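Visitor: Below is target-v5.cif; it holds mmCIF, C-alpha atoms.
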data_my_file
#
loop_
_atom_site.group_PDB
_atom_site.id
_atom_site.type_symbol
_atom_site.label_atom_id
_atom_site.label_comp_id
_atom_site.auth_asym_id
_atom_site.auth_seq_id
_atom_site.Cartn_x
_atom_site.Cartn_y
_atom_site.Cartn_z
ATOM 1 C CA MET A 1 -20.226 18.977 14.331
ATOM 2 C CA ASP A 2 -23.814 18.300 15.397
ATOM 3 C CA GLU A 3 -25.829 15.309 14.214
ATOM 4 C CA ALA A 4 -28.168 17.388 12.043
ATOM 5 C CA THR A 5 -25.269 18.865 10.053
ATOM 6 C CA MET A 6 -23.709 15.445 9.566
ATOM 7 C CA GLN A 7 -26.990 14.031 8.262
ATOM 8 C CA SER A 8 -27.486 17.018 5.975
ATOM 9 C CA ARG A 9 -24.017 16.532 4.482
ATOM 10 C CA ALA A 10 -24.573 12.792 4.006
ATOM 11 C CA SER A 11 -27.887 13.372 2.229
ATOM 12 C CA ALA A 12 -26.400 15.999 -0.062
ATOM 13 C CA LEU A 13 -23.425 13.808 -0.976
ATOM 14 C CA ALA A 14 -25.703 10.872 -1.736
ATOM 15 C CA ALA A 15 -27.380 12.972 -4.436
ATOM 16 C CA VAL A 16 -24.253 13.990 -6.368
ATOM 17 C CA THR A 17 -22.766 12.078 -9.283
ATOM 18 C CA ARG A 18 -19.525 10.153 -9.075
ATOM 19 C CA THR A 19 -17.648 12.746 -11.146
ATOM 20 C CA GLN A 20 -18.992 15.561 -8.968
ATOM 21 C CA LEU A 21 -17.895 13.627 -5.879
ATOM 22 C CA GLU A 22 -14.376 13.369 -7.287
ATOM 23 C CA ARG A 23 -14.219 17.132 -7.787
ATOM 24 C CA LEU A 24 -15.659 17.806 -4.323
ATOM 25 C CA SER A 25 -13.023 15.495 -2.852
ATOM 26 C CA HIS A 26 -10.302 17.492 -4.614
ATOM 27 C CA ILE A 27 -11.702 20.759 -3.233
ATOM 28 C CA ASP A 28 -11.875 19.220 0.237
ATOM 29 C CA PHE A 29 -8.282 17.987 -0.080
ATOM 30 C CA LYS A 30 -6.940 21.389 -1.113
ATOM 31 C CA LEU A 31 -8.624 23.136 1.787
ATOM 32 C CA TYR A 32 -7.793 20.500 4.400
ATOM 33 C CA PHE A 33 -4.165 19.728 3.575
ATOM 34 C CA LEU A 34 -2.911 22.791 1.687
ATOM 35 C CA GLY A 35 -5.034 25.476 3.328
ATOM 36 C CA GLU A 36 -6.048 27.196 0.120
ATOM 37 C CA LEU A 37 -8.248 26.720 -2.922
ATOM 38 C CA ARG A 38 -8.311 28.606 -6.208
ATOM 39 C CA ARG A 39 -10.681 28.157 -9.088
ATOM 40 C CA ALA A 40 -7.663 27.233 -11.217
ATOM 41 C CA ASP A 41 -7.053 24.229 -8.923
ATOM 42 C CA VAL A 42 -10.259 22.696 -10.267
ATOM 43 C CA THR A 43 -9.851 23.753 -13.883
ATOM 44 C CA ASP A 44 -6.238 22.501 -14.058
ATOM 45 C CA ARG A 45 -6.974 19.194 -12.372
ATOM 46 C CA PHE A 46 -10.097 18.219 -14.303
ATOM 47 C CA GLY A 47 -9.805 20.182 -17.538
ATOM 48 C CA LYS A 48 -13.025 22.079 -16.843
ATOM 49 C CA GLY A 49 -13.787 25.638 -17.838
ATOM 50 C CA PRO A 50 -13.945 28.451 -15.260
ATOM 51 C CA ALA A 51 -17.758 28.368 -15.163
ATOM 52 C CA ALA A 52 -17.821 24.652 -14.355
ATOM 53 C CA ALA A 53 -15.200 25.132 -11.623
ATOM 54 C CA THR A 54 -17.271 27.937 -10.121
ATOM 55 C CA ARG A 55 -20.288 25.624 -10.006
ATOM 56 C CA ASP A 56 -18.273 22.920 -8.252
ATOM 57 C CA ILE A 57 -17.065 25.344 -5.596
ATOM 58 C CA ALA A 58 -20.610 26.667 -5.185
ATOM 59 C CA LEU A 59 -21.866 23.103 -4.681
ATOM 60 C CA TYR A 60 -19.192 22.521 -2.029
ATOM 61 C CA ARG A 61 -20.193 25.748 -0.281
ATOM 62 C CA LYS A 62 -23.843 24.703 -0.385
ATOM 63 C CA ILE A 63 -23.104 21.348 1.248
ATOM 64 C CA ALA A 64 -20.531 22.632 3.764
ATOM 65 C CA PRO A 65 -20.884 26.426 4.051
ATOM 66 C CA GLU A 66 -19.083 26.457 7.401
ATOM 67 C CA ASN A 67 -15.925 24.943 5.881
ATOM 68 C CA LEU A 68 -14.446 27.818 3.901
ATOM 69 C CA THR A 69 -14.111 31.536 3.695
ATOM 70 C CA LEU A 70 -13.047 33.756 0.804
ATOM 71 C CA ASP A 71 -9.870 35.741 1.314
ATOM 72 C CA ASN A 72 -10.652 38.834 -0.753
ATOM 73 C CA SER A 73 -7.066 40.062 -0.677
ATOM 74 C CA ASP A 74 -5.974 37.411 -3.205
ATOM 75 C CA LYS A 75 -9.287 35.737 -4.131
ATOM 76 C CA VAL A 76 -8.395 32.458 -2.448
ATOM 77 C CA TYR A 77 -10.691 30.237 -0.405
ATOM 78 C CA ARG A 78 -9.284 29.145 2.934
ATOM 79 C CA PRO A 79 -10.520 26.659 5.527
ATOM 80 C CA SER A 80 -12.478 28.275 8.316
ATOM 81 C CA PRO A 81 -11.650 27.653 11.994
ATOM 82 C CA GLU A 82 -14.745 25.404 12.096
ATOM 83 C CA PHE A 83 -13.562 23.298 9.153
ATOM 84 C CA VAL A 84 -14.482 19.610 9.286
ATOM 85 C CA PRO A 85 -13.547 17.547 6.212
ATOM 86 C CA LEU A 86 -16.489 16.802 3.992
ATOM 87 C CA LEU A 87 -15.107 13.413 2.967
ATOM 88 C CA ASP A 88 -12.846 10.749 4.420
ATOM 89 C CA HIS A 89 -9.292 10.837 3.077
ATOM 90 C CA SER A 90 -7.093 7.735 3.092
ATOM 91 C CA PRO A 91 -3.778 8.521 4.862
ATOM 92 C CA ALA A 92 -1.824 6.468 2.316
ATOM 93 C CA ARG A 93 -3.367 8.292 -0.639
ATOM 94 C CA VAL A 94 -2.924 11.685 1.020
ATOM 95 C CA LEU A 95 0.766 11.054 1.652
ATOM 96 C CA THR A 96 1.211 9.841 -1.931
ATOM 97 C CA ALA A 97 -0.474 12.975 -3.259
ATOM 98 C CA LEU A 98 1.534 15.308 -1.029
ATOM 99 C CA SER A 99 4.832 13.647 -1.922
ATOM 100 C CA GLN A 100 4.226 12.851 -5.610
ATOM 101 C CA GLY A 101 1.344 15.039 -6.752
ATOM 102 C CA PHE A 102 -1.868 13.862 -8.392
ATOM 103 C CA GLY A 103 -0.210 12.476 -11.494
ATOM 104 C CA GLU A 104 -0.924 15.294 -13.918
ATOM 105 C CA GLY A 105 2.561 14.995 -15.405
ATOM 106 C CA HIS A 106 4.341 12.305 -17.410
ATOM 107 C CA GLY A 107 7.552 10.400 -16.849
ATOM 108 C CA GLU A 108 9.634 12.264 -14.303
ATOM 109 C CA GLN A 109 7.417 15.350 -14.187
ATOM 110 C CA PHE A 110 5.543 14.419 -11.008
ATOM 111 C CA GLU A 111 6.119 17.038 -8.356
ATOM 112 C CA ALA A 112 5.536 17.046 -4.632
ATOM 113 C CA MET A 113 2.770 19.320 -3.349
ATOM 114 C CA VAL A 114 4.689 20.214 -0.194
ATOM 115 C CA ARG A 115 8.369 19.952 0.664
ATOM 116 C CA CYS A 116 9.125 16.316 1.492
ATOM 117 C CA GLU A 117 11.699 13.586 1.145
ATOM 118 C CA ILE A 118 11.050 9.922 0.324
ATOM 119 C CA PRO A 119 13.541 7.033 0.142
ATOM 120 C CA ILE A 120 15.193 6.362 -3.178
ATOM 121 C CA THR A 121 14.234 2.985 -4.615
ATOM 122 C CA LEU A 122 17.431 1.217 -5.628
ATOM 123 C CA SER A 123 15.830 -1.694 -7.490
ATOM 124 C CA LEU A 124 13.074 -1.139 -10.041
ATOM 125 C CA PRO A 125 12.035 -3.399 -12.954
ATOM 126 C CA LYS A 126 12.383 -2.352 -16.569
ATOM 127 C CA MET A 127 9.086 -1.255 -18.088
ATOM 128 C CA SER A 128 9.649 -3.721 -20.941
ATOM 129 C CA VAL A 129 9.591 -6.476 -18.312
ATOM 130 C CA LEU A 130 6.821 -5.068 -16.137
ATOM 131 C CA ALA A 131 4.366 -4.428 -18.989
ATOM 132 C CA PRO A 132 3.917 -8.052 -20.179
ATOM 133 C CA LEU A 133 3.754 -9.262 -16.564
ATOM 134 C CA ALA A 134 1.003 -6.764 -15.743
ATOM 135 C CA ARG A 135 -0.882 -7.757 -18.901
ATOM 136 C CA ALA A 136 -0.610 -11.418 -17.909
ATOM 137 C CA ILE A 137 -1.988 -10.710 -14.430
ATOM 138 C CA ASN A 138 -4.850 -8.653 -15.834
ATOM 139 C CA ARG A 139 -5.811 -11.162 -18.528
ATOM 140 C CA GLY A 140 -5.057 -14.419 -16.698
ATOM 141 C CA LYS A 141 -2.287 -15.489 -19.100
ATOM 142 C CA ALA A 142 1.097 -17.180 -18.834
ATOM 143 C CA VAL A 143 4.491 -15.780 -19.854
ATOM 144 C CA ARG A 144 7.747 -17.339 -21.015
ATOM 145 C CA THR A 145 10.849 -15.644 -19.677
ATOM 146 C CA GLY A 146 14.497 -16.081 -18.986
ATOM 147 C CA TYR A 147 15.135 -16.064 -15.235
ATOM 148 C CA THR A 148 18.300 -16.023 -13.141
ATOM 149 C CA SER A 149 17.982 -17.274 -9.573
ATOM 150 C CA VAL A 150 20.492 -17.766 -6.784
ATOM 151 C CA GLU A 151 19.818 -21.496 -6.546
ATOM 152 C CA SER A 152 19.486 -22.462 -10.225
ATOM 153 C CA GLY A 153 21.330 -19.825 -12.209
ATOM 154 C CA GLN A 154 19.877 -18.954 -15.602
ATOM 155 C CA THR A 155 16.879 -20.974 -16.825
ATOM 156 C CA GLN A 156 13.874 -20.619 -19.104
ATOM 157 C CA ARG A 157 10.575 -20.496 -17.216
ATOM 158 C CA GLU A 158 6.908 -20.534 -18.006
ATOM 159 C CA LEU A 159 5.123 -18.580 -15.293
ATOM 160 C CA VAL A 160 1.502 -17.718 -14.589
ATOM 161 C CA PRO A 161 1.783 -14.331 -12.814
ATOM 162 C CA LEU A 162 -0.864 -13.749 -10.143
ATOM 163 C CA ALA A 163 0.031 -10.487 -8.396
ATOM 164 C CA LEU A 164 2.575 -7.711 -7.922
ATOM 165 C CA VAL A 165 3.911 -7.487 -4.357
ATOM 166 C CA ASP A 166 5.818 -4.577 -2.808
ATOM 167 C CA ILE A 167 8.026 -5.849 0.031
ATOM 168 C CA GLY A 168 9.677 -2.487 0.726
ATOM 169 C CA ASN A 169 13.138 -2.789 -0.760
ATOM 170 C CA ARG A 170 11.904 -4.287 -4.029
ATOM 171 C CA TRP A 171 8.903 -5.624 -5.944
ATOM 172 C CA HIS A 172 8.299 -9.237 -6.776
ATOM 173 C CA ILE A 173 5.790 -11.284 -8.739
ATOM 174 C CA ARG A 174 3.706 -14.030 -7.163
ATOM 175 C CA ALA A 175 3.368 -16.683 -9.862
ATOM 176 C CA PHE A 176 2.848 -20.365 -10.601
ATOM 177 C CA ASP A 177 6.115 -21.863 -11.835
ATOM 178 C CA ARG A 178 5.471 -24.563 -14.419
ATOM 179 C CA LEU A 179 9.084 -25.766 -14.178
ATOM 180 C CA ARG A 180 8.777 -26.569 -10.442
ATOM 181 C CA GLY A 181 5.021 -27.162 -10.436
ATOM 182 C CA GLU A 182 4.399 -24.791 -7.525
ATOM 183 C CA PHE A 183 3.616 -21.207 -6.569
ATOM 184 C CA ARG A 184 6.710 -19.103 -5.914
ATOM 185 C CA ASP A 185 7.961 -15.508 -5.766
ATOM 186 C CA PHE A 186 9.986 -14.093 -8.652
ATOM 187 C CA VAL A 187 11.967 -10.868 -8.883
ATOM 188 C CA PRO A 188 11.241 -9.009 -12.148
ATOM 189 C CA THR A 189 14.727 -7.453 -12.284
ATOM 190 C CA ARG A 190 16.045 -11.000 -12.799
ATOM 191 C CA MET A 191 13.778 -11.649 -15.784
ATOM 192 C CA GLU A 192 14.767 -11.307 -19.438
ATOM 193 C CA ASN A 193 12.391 -10.723 -22.347
ATOM 194 C CA PRO A 194 9.097 -12.039 -20.925
ATOM 195 C CA VAL A 195 6.640 -12.922 -23.695
ATOM 196 C CA LEU A 196 2.899 -13.259 -23.207
ATOM 197 C CA LEU A 197 1.686 -16.722 -24.250
ATOM 198 C CA GLU A 198 -1.641 -15.994 -25.899
ATOM 199 C CA ASP A 199 -2.463 -19.619 -26.738
ATOM 200 C CA SER A 200 -1.255 -21.292 -23.559
ATOM 201 C CA LEU A 201 -4.169 -22.616 -21.501
ATOM 202 C CA VAL A 202 -3.999 -21.667 -17.815
ATOM 203 C CA LYS A 203 -5.261 -24.540 -15.679
ATOM 204 C CA ARG A 204 -7.297 -24.076 -12.538
ATOM 205 C CA GLU A 205 -4.446 -25.378 -10.369
ATOM 206 C CA GLU A 206 -2.292 -22.525 -11.709
ATOM 207 C CA THR A 207 -4.647 -19.730 -10.627
ATOM 208 C CA ALA A 208 -4.723 -17.604 -7.478
ATOM 209 C CA GLU A 209 -7.654 -19.620 -6.121
ATOM 210 C CA ALA A 210 -5.395 -22.689 -5.949
ATOM 211 C CA ASP A 211 -2.537 -20.865 -4.181
ATOM 212 C CA VAL A 212 -3.063 -21.878 -0.562
ATOM 213 C CA GLN A 213 -0.386 -19.533 0.776
ATOM 214 C CA TRP A 214 -1.877 -16.602 -1.128
ATOM 215 C CA SER A 215 -5.444 -17.378 -0.039
ATOM 216 C CA ARG A 216 -4.633 -18.002 3.615
ATOM 217 C CA ILE A 217 -4.983 -14.881 5.755
ATOM 218 C CA ILE A 218 -3.037 -14.671 9.018
ATOM 219 C CA GLU A 219 -3.941 -12.256 11.810
ATOM 220 C CA LEU A 220 -0.848 -10.954 13.572
ATOM 221 C CA GLU A 221 -1.011 -9.331 16.995
ATOM 222 C CA LEU A 222 1.809 -6.833 17.392
ATOM 223 C CA VAL A 223 2.528 -5.223 20.758
ATOM 224 C CA PRO A 224 5.197 -2.825 22.041
ATOM 225 C CA HIS A 225 8.410 -4.736 22.582
ATOM 226 C CA PRO A 226 8.443 -5.814 26.256
ATOM 227 C CA ASP A 227 12.026 -4.605 26.628
ATOM 228 C CA HIS A 228 11.570 -1.275 24.861
ATOM 229 C CA THR A 229 12.779 1.620 27.016
ATOM 230 C CA ARG A 230 9.814 3.828 26.087
ATOM 231 C CA PRO A 231 6.724 1.673 25.398
ATOM 232 C CA GLU A 232 4.526 4.754 25.638
ATOM 233 C CA VAL A 233 6.289 6.168 22.561
ATOM 234 C CA VAL A 234 5.597 2.950 20.645
ATOM 235 C CA ARG A 235 1.929 3.147 21.631
ATOM 236 C CA MET A 236 1.816 6.740 20.353
ATOM 237 C CA ASP A 237 3.456 5.735 17.062
ATOM 238 C CA TYR A 238 0.866 3.050 16.403
ATOM 239 C CA GLY A 239 -2.177 4.595 18.093
ATOM 240 C CA LEU A 240 -2.433 1.924 20.804
ATOM 241 C CA ALA A 241 -4.035 2.177 24.206
ATOM 242 C CA PRO A 242 -2.223 0.527 27.158
ATOM 243 C CA GLY A 243 -2.589 -3.239 26.824
ATOM 244 C CA GLU A 244 -3.929 -2.986 23.273
ATOM 245 C CA ALA A 245 -2.427 -4.933 20.359
ATOM 246 C CA LEU A 246 -2.048 -3.789 16.774
ATOM 247 C CA LYS A 247 -3.927 -6.414 14.759
ATOM 248 C CA VAL A 248 -2.759 -6.801 11.184
ATOM 249 C CA ARG A 249 -4.108 -9.226 8.583
ATOM 250 C CA VAL A 250 -1.630 -10.403 5.954
ATOM 251 C CA ARG A 251 -1.432 -13.190 3.406
ATOM 252 C CA ALA A 252 0.653 -16.170 4.501
ATOM 253 C CA ALA A 253 2.641 -15.751 1.271
ATOM 254 C CA ASN A 254 3.729 -12.264 2.404
ATOM 255 C CA ALA A 255 3.906 -12.581 6.200
ATOM 256 C CA GLY A 256 7.661 -13.079 6.507
ATOM 257 C CA TYR A 257 8.413 -10.222 4.129
ATOM 258 C CA MET A 258 6.126 -7.826 6.000
ATOM 259 C CA LEU A 259 7.445 -8.666 9.464
ATOM 260 C CA ARG A 260 10.993 -8.205 8.222
ATOM 261 C CA ARG A 261 10.034 -4.895 6.617
ATOM 262 C CA TRP A 262 8.443 -3.688 9.868
ATOM 263 C CA SER A 263 11.382 -4.998 11.999
ATOM 264 C CA VAL A 264 9.101 -6.986 14.309
ATOM 265 C CA ASP A 265 10.800 -9.241 16.846
ATOM 266 C CA CYS A 266 9.244 -12.659 16.210
ATOM 267 C CA SER A 267 11.315 -14.627 18.719
ATOM 268 C CA PRO A 268 9.201 -16.467 21.320
ATOM 269 C CA ASP A 269 11.045 -14.823 24.218
ATOM 270 C CA HIS A 270 11.471 -11.334 22.630
ATOM 271 C CA ARG A 271 15.237 -11.704 22.723
ATOM 272 C CA LEU A 272 16.155 -9.364 19.884
ATOM 273 C CA ARG A 273 17.640 -6.045 20.934
ATOM 274 C CA GLY A 274 18.011 -2.744 19.165
ATOM 275 C CA PRO A 275 16.017 0.446 18.569
ATOM 276 C CA GLU A 276 14.631 -0.990 15.311
ATOM 277 C CA TYR A 277 12.624 -3.592 17.250
ATOM 278 C CA ALA A 278 9.787 -1.456 18.536
ATOM 279 C CA LEU A 279 7.210 -4.235 18.132
ATOM 280 C CA TRP A 280 6.994 -7.875 19.178
ATOM 281 C CA LEU A 281 4.823 -10.608 17.671
ATOM 282 C CA ARG A 282 2.816 -11.730 20.682
ATOM 283 C CA ASP A 283 2.100 -15.206 19.298
ATOM 284 C CA PRO A 284 4.936 -16.409 17.031
ATOM 285 C CA LEU A 285 3.011 -19.637 16.427
ATOM 286 C CA SER A 286 0.591 -17.629 14.290
ATOM 287 C CA LEU A 287 3.299 -17.835 11.604
ATOM 288 C CA TYR A 288 3.330 -21.623 11.630
ATOM 289 C CA GLY A 289 2.846 -22.941 8.116
ATOM 290 C CA ALA A 290 3.645 -19.652 6.383
ATOM 291 C CA SER A 291 6.040 -20.466 3.548
ATOM 292 C CA ASN A 292 8.418 -17.567 4.256
ATOM 293 C CA ALA A 293 8.147 -17.402 8.039
ATOM 294 C CA GLN A 294 11.931 -17.882 8.191
ATOM 295 C CA LEU A 295 12.333 -14.317 6.929
ATOM 296 C CA ALA A 296 10.695 -12.893 10.071
ATOM 297 C CA PRO A 297 13.332 -11.552 12.504
ATOM 298 C CA GLY A 298 14.069 -14.054 15.274
ATOM 299 C CA TYR A 299 11.482 -16.591 14.121
ATOM 300 C CA LYS A 300 11.995 -20.061 15.611
ATOM 301 C CA ASP A 301 10.606 -23.018 13.712
ATOM 302 C CA PRO A 302 8.656 -25.043 16.327
ATOM 303 C CA LYS A 303 9.406 -28.280 14.450
ATOM 304 C CA SER A 304 13.144 -27.928 13.977
ATOM 305 C CA ASN A 305 13.686 -25.967 17.198
ATOM 306 C CA ARG A 306 15.926 -23.800 15.083
ATOM 307 C CA GLU A 307 15.962 -20.027 15.296
ATOM 308 C CA ILE A 308 16.334 -18.009 12.136
ATOM 309 C CA LYS A 309 18.655 -15.075 12.756
ATOM 310 C CA ALA A 310 17.423 -11.577 11.997
ATOM 311 C CA MET A 311 18.726 -10.203 8.710
#
Take the structure I supplied and represent it as structure tokens, if you would.

Guide:
Amino acid sequence: MDEATMQSRASALAAVTRTQLERLSHIDFKLYFLGELRRADVTDRFGKGPAAATRDIALYRKIAPENLTLDNSDKVYRPSPEFVPLLDHSPARVLTALSQGFGEGHGEQFEAMVRCEIPITLSLPKMSVLAPLARAINRGKAVRTGYTSVESGQTQRELVPLALVDIGNRWHIRAFDRLRGEFRDFVPTRMENPVLLEDSLVKREETAEADVQWSRIIELELVPHPDHTRPEVVRMDYGLAPGEALKVRVRAANAGYMLRRWSVDCSPDHRLRGPEYALWLRDPLSLYGASNAQLAPGYKDPKSNREIKAM
């Protein structure tokens, strides 16, 4: 696409409203990823009448006339050979939409837009537990809950939830634990009957701003495992040029979980073997001080000179 066309598109998009932009993005998505667009796609998604949907498609055609053609045999718009997406589409959101739809349904009614398969989640919290935790995070409140842990068994806790965290195989809650007087991670499936404490004052030292591990950002440099049999395949998987590192920024509170989820060899001498270890942490010392560094495969604590075995 030439520079003049790009500038023309940018100027036109700058003049549309936010709601129009949302509808144009949907039209762009349908053409780009599904290869077809019907007027009903707009009416069904946004609850607009046929006339309004026609205007939206006409606006799209005005901004990017080279992007679509009308297939008169079944009255469907299709992307032209010269198609260039009008808007940027986040890969994560695209994959979510393709695998789970746009969320028009309720409960279990979400349907994939194309044939796909996603892993089954074995551990999910009850909604009666998740709801008060989410309300507490949103409103900056504390909760009282029963909690069963491996180390302490069943106890009553007062927690100040700060964030939901997805570590791959389960979700947990980052929270200030008033019983221990520190920030910790809690698994919602182990909670019983959390109750929002409306009148409990949350102190500054119990907020996210005081959580050093949450606030600290670590930059990790991941490279193809030096002993991988096909490093060129690893570079293709992660879009790396020869000699280039994949730089990822994570919170210190989550670093160990993420490296374990990604199966990154974090041993100083890249000693871990197996096809799952496609990446190596080039500087394991970057994990120093992270509270859950011991969860990272092969991590060796520089103080204790003790290696934590991969799980």

Visitor: Any chance you could work out the residue set of the PyMOL selection byres ((chain A and resi 179) around 8) here, as a ChimeraX atom specification?

Guide: /A:157-158,177-178,180-181

Visitor: Can you work out which one of A:Pro242, A:Pro268, A:Pro226, A:Pro275 has the shortest atom-to-atom distance to Tyr299 (chain A), counting all atoms listed in the file?

Guide: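 The answer is A:Pro268, which sits nearest to Tyr299 (chain A).
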
Visitor: As a tab-separated table (two decimals) with C-alpha atoms, in the coordinates of the input, please: the residues near Glu36 (chain A) (cut-off 10 Å, all atoms listed in the file, same-chain neighbours under 5 positions excluded).

Guide:
chain	number	residue	atom	x	y	z
A	27	ILE	CA	-11.70	20.76	-3.23
A	28	ASP	CA	-11.88	19.22	0.24
A	29	PHE	CA	-8.28	17.99	-0.08
A	30	LYS	CA	-6.94	21.39	-1.11
A	31	LEU	CA	-8.62	23.14	1.79
A	41	ASP	CA	-7.05	24.23	-8.92
A	68	LEU	CA	-14.45	27.82	3.90
A	69	THR	CA	-14.11	31.54	3.70
A	70	LEU	CA	-13.05	33.76	0.80
A	71	ASP	CA	-9.87	35.74	1.31
A	76	VAL	CA	-8.40	32.46	-2.45
A	77	TYR	CA	-10.69	30.24	-0.40
A	78	ARG	CA	-9.28	29.14	2.93
A	79	PRO	CA	-10.52	26.66	5.53

Visitor: Of the candidates A:Arg38, A:Lys141, A:Arg216, A:Arg261, which shows the shortest atom-to-atom distance to Asn169 (chain A), using all atoms listed in the file?

Guide: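 Comparing A:Arg38, A:Lys141, A:Arg216, A:Arg261 against Asn169 (chain A), the winner is A:Arg261.
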
Visitor: Report as CSV: every residue of region 226-299 of chain A with an atom at most 12 Å from region 159-166 of chain A, its closest pair of atoms, and their distance in Å to one decimal, counting all atoms listed in the file, with rows sorted by chain and ascending residue number.

Guide:
residue,atom,partner,partner_atom,distance
A:Arg251,CA,A:Val165,CA,11.0
A:Ala253,CA,A:Val165,CA,10.1
A:Asn254,CA,A:Val165,CA,8.3
A:Ala255,CA,A:Val165,CA,11.7
A:Tyr257,CA,A:Asp166,CA,9.3
A:Met258,CA,A:Asp166,CA,9.4
A:Arg261,CA,A:Asp166,CA,10.3

Visitor: Residues within 12 Å of region 90-93 of chain A, please, as a list in words. Count only C-alpha atoms; anything in the same chain fewer than 6 positions from it doesn't count.

Guide: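 Here the answer would be Ser25, Phe29, Phe33, Ser99, Gln100, Gly101 and Phe102 of chain A.
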
Visitor: Rounded to one decimal place, report the CA of Thr145 (chain A)-CA of Trp214 (chain A) distance in Å.

Guide: 22.5 Å

Visitor: Here's the selection I'm unsure about, the PyMOL selection byres ((chain A and resi 188) around 7); applied to the file above, which residues does it give, as a list in words?

Guide: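 Evaluating the PyMOL selection byres ((chain A and resi 188) around 7) on this file yields Pro125, Val129, His172, Ile173, Phe186, Val187, Thr189, Arg190 and Met191 of chain A.
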
Visitor: Could you tell me how far CA of Asn193 (chain A) sits from CA of Arg144 (chain A), in Å to one decimal place?

Guide: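 Value for the CA of Arg144 (chain A)-CA of Asn193 (chain A) distance: 8.2 Å.
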
Visitor: Separation of CA of Ser286 (chain A) and CA of Glu205 (chain A), in Å?

Guide: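 Taking CA of Ser286 (chain A) as the start and CA of Glu205 (chain A) as the end point, the length is 26.3 Å.
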
Visitor: Give me, as a list in words, all polymer residues having an atom no more than 12 Å from Arg55 (chain A), counting all atoms listed in the file and skipping those fewer than 3 positions away in the same chain.

Guide: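 Near Arg55 (chain A), the qualifying residues are Gln20, Arg23, Leu24, Ile27, Arg39, Val42, Thr43, Lys48, Gly49, Pro50, Ala51, Ala52, Ala58, Leu59, Tyr60, Arg61 and Lys62 of chain A.
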
Visitor: Val84 (chain A): which residues within 9 Å, counting all atoms listed in the file, same-chain residues fewer than 5 positions away excluded, as a PyMOL selection string?

Guide: chain A and resi 1+32+64+66-67+79

Visitor: I'd like to know which of A:Pro194, A:Gly243, A:Gly298, A:Pro65 is closest to Leu130 (chain A), using only C-alpha atoms.

Guide: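 Among the listed residues, A:Pro194 lies closest to Leu130 (chain A).
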
Visitor: Return as a PyMOL selection string the set of residues that the PyMOL selection byres ((chain A and resi 122) around 9) yields on the displayed structure.

Guide: chain A and resi 120-121+123-124+169-170

Visitor: Centre and edge lengths, as JSON, for the axis-aligned box enclosing every listed atom of region 214-218 of chain A with 3 Å of padding on each of the six sides, in Å to one decimal?

Guide:
{"center_x": -3.7, "center_y": -16.3, "center_z": 3.9, "size_x": 9.6, "size_y": 9.3, "size_z": 16.1}
